[in-house]
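**Q** Below are the structure tokens for one structure; questions will follow.
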Amino acid sequence: MKVKWGEVVTMALLAALAGWAYLGKIYGWHHGFVFPSWLSAVVLILAALSLGWILFLTIGGKMIERRIVFLYVGVAISLPLFMSIKQEIPVSAEVQTVYDELVRLPVGSKVLISFDYDPASAPELQPQAEAFIAECFARDLKVIIMGLWPQGPQLANQAVERVLQRDDFKGNNIQYGVDWVNLGFQTGNEFVIQRMGTSFQSMFKTDYSGTAYEDLPLVRNVKNFDAIDYSMNLSSGFPGTVEWVQVAVDRYGLRMGAGNTAVQAPTVYPYLGNQLKGLMGGMSGAAEFEQVSSRPDKATRFMLSQSLAHVIVMAFIIIGNVAFFRSGRKSALKG
């Protein structure tokens with residue numbers, strides 16, 4: 001097999017550049033890169049022209065290799081993260097409902113957030129969590145965190161830490177135990193939710209760090225769901241939104257919204273209205289909430305990558321069909 005040294009060197013340079021950019025962000029060598037608007041436009045135009053050229057070659061009978069497709073998809077996902085192009089993101093009615101639920105709450109209201117997912121689903125649900133927590137803090141709502149998945153509370157702490165590092169929250173005196181608390185993980189699935197209907201403390205003797213429940217001012221007088229003004233379940237599976245609806249909403253009347261992965265969201269749509277007060281679905285749901293709350297962040301940036309990647313995939317579907325008919329394979333299949 002002949003080694004194509006040009007491709008090897010190109011990939012090595014790209015890997016080195018990506019590593020330098022990533023490590024530089026972590027260790028403070030730089031503060032990130034953003035293309036100016038004109039350069040972002042030039043990149044998009046060149047990408048469109050190159051796709052047109054590939055289509056022209058395909059029509060002429062010259063087929064491209066599959067690794068070219070992989071390269072285009074990789075570029076479509078990575079380059080938009082450095083672009084300054086703004087994508088218009090319309091806000092759906094279900095995401096607007098989540099925001100409206102927070103707007104209607106008076107200052108000091110208690111919001112329960114259950115983190116029922118693991119790191120595998122964090123790319124979709126962590127932006128939802130950060131956007132939702134940021135809006136709660138901005139409105140001076142009290143946040144009570146828990147999790148029915150073992151790694152959920154850890155992801156919750158990461159989300160809160162990132163929110164508190166933002167410039168618009170650095171001056172706020174947001175105190176643990178007073179303005180927010182992390183009760184941690186409790187095993188038992190639906191049983192935990194059922195017991196919380198009568199006593200939170202029976203399930204959470206201490207918080208995530210080991211502080212006794214009664215020593216936390218925020219939850220000291222929180223006995224059951226009656227003290228919760230609104231709840232958000234961030235879920236990627238079982239136990240998750242369905243179990244919360246069946247137990248906490250149907251039995252105890254908890255007012256609740258949900259944030260789900262794009263795969264799971266369609267399964268909980270039937271609960272919207274009477275049972276679920278709002279729904280954020282996948283990365284787009286997080287981006288929509290960022291828009292309606294006027295805090296565009298990483299979900300908004302990631303949506304541009306996702307949109308361009310979809311465009312690239314659709315373009316190559318068209319090119320692939322042209323190649324299929326051009327190569328005569330359709331006739332061969334009929335024969």
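Labels for the structure tokens follow display order: chains A, B, ..., residues from 1 in each chain, ligands from 1.
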Can you tell me, as a count of residues only, what residues are no more than 10 Å from A:Leu105 when counting only C-alpha atoms, ignoring any on the same chain fewer than 5 positions away?

**A** 9

**Q** Can you pull out every residue within 10 Å of stretch 215-222 of chain A, counting only C-alpha atoms, but drop anything in the same chain fewer than 2 positions away, and send it as a ChimeraX atom specification?

**A** /A:110,142-144,176-181,183,199-201,206-207,211-213,224-228

**Q** Just the selected residues (C-alpha atoms), exported as a PDB file, in the first residue's frame, please.

**A**
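In the end it all went to result_38.pdb:
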ATOM      1  CA  LYS A 110     -38.004  27.241  44.913  1.00  0.00           C
ATOM      2  CA  LYS A 142     -33.749  29.237  44.784  1.00  0.00           C
ATOM      3  CA  VAL A 143     -32.375  26.126  43.090  1.00  0.00           C
ATOM      4  CA  ILE A 144     -32.548  22.657  44.648  1.00  0.00           C
ATOM      5  CA  TYR A 176     -24.426  27.655  48.577  1.00  0.00           C
ATOM      6  CA  GLY A 177     -27.002  26.446  51.071  1.00  0.00           C
ATOM      7  CA  VAL A 178     -28.960  29.687  50.787  1.00  0.00           C
ATOM      8  CA  ASP A 179     -29.469  30.282  47.058  1.00  0.00           C
ATOM      9  CA  TRP A 180     -28.778  26.782  45.789  1.00  0.00           C
ATOM     10  CA  VAL A 181     -28.080  23.328  47.126  1.00  0.00           C
ATOM     11  CA  LEU A 183     -28.756  17.101  47.522  1.00  0.00           C
ATOM     12  CA  SER A 199     -40.566  13.669  52.836  1.00  0.00           C
ATOM     13  CA  PHE A 200     -37.484  14.960  51.045  1.00  0.00           C
ATOM     14  CA  GLN A 201     -35.364  14.383  54.124  1.00  0.00           C
ATOM     15  CA  THR A 206     -27.267  14.888  53.737  1.00  0.00           C
ATOM     16  CA  ASP A 207     -26.349  16.910  50.679  1.00  0.00           C
ATOM     17  CA  THR A 211     -23.841  18.390  55.182  1.00  0.00           C
ATOM     18  CA  ALA A 212     -26.920  17.363  57.171  1.00  0.00           C
ATOM     19  CA  TYR A 213     -30.247  18.224  55.554  1.00  0.00           C
ATOM     20  CA  ASN A 224     -42.277  17.653  50.209  1.00  0.00           C
ATOM     21  CA  PHE A 225     -43.339  18.724  46.720  1.00  0.00           C
ATOM     22  CA  ASP A 226     -45.791  21.250  48.179  1.00  0.00           C
ATOM     23  CA  ALA A 227     -42.816  23.568  48.820  1.00  0.00           C
ATOM     24  CA  ILE A 228     -41.618  23.390  45.191  1.00  0.00           C
TER      25      ILE A 228
END

**Q** Could you give me, as a tab-separated table, every stretch 66-137 of chain A residue with an atom at most 12 Å from stretch 3-18 of chain A, plus its closest atom pair and distance in Å to one decimal, counting only C-alpha atoms, rows ordered by chain then number?

**A**
residue	atom	partner	partner_atom	distance
A:Arg67	CA	A:Glu7	CA	11.0
A:Ile68	CA	A:Glu7	CA	11.3
A:Leu71	CA	A:Met11	CA	10.1
A:Gly74	CA	A:Leu14	CA	11.4
A:Val75	CA	A:Leu14	CA	10.7
A:Ser78	CA	A:Ala18	CA	9.8
A:Leu79	CA	A:Ala18	CA	11.1

**Q** Which value, in Å to one decimal, gives the distance between atom CA of A:Phe70 and atom CA of A:Leu55?

**A**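 That distance, rounded to one decimal, is 16.2 Å.
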
**Q** Got a sec: who's within 8 Å of A:Ala159, counting only C-alpha atoms, leaving out chain neighbours fewer than 2 positions off, as a PyMOL selection string?

**A** chain A and resi 126+129-130+133+155-157+161-163

**Q** With DSSP run on the backbone, what are the alpha helix (DSSP H) residues within stretch 110-293 of chain A? I'd like them as a PyMOL selection string.

**A** chain A and resi 122-138+152-164+190-196+241-244+250-252+265-268+282-292

**Q** Just checking: using only C-alpha atoms, which residue out of A:Ala47, A:Val42, A:Leu81, A:Glu94 ends up closest to A:Gln306?

**A** A:Leu81

**Q** Just to confirm, what's the straight-line distance from atom CA of A:Pro239 to atom CA of A:Gln128 in Å (one decimal)?

**A**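 Separation of atom CA of A:Pro239 and atom CA of A:Gln128: 18.4 Å.
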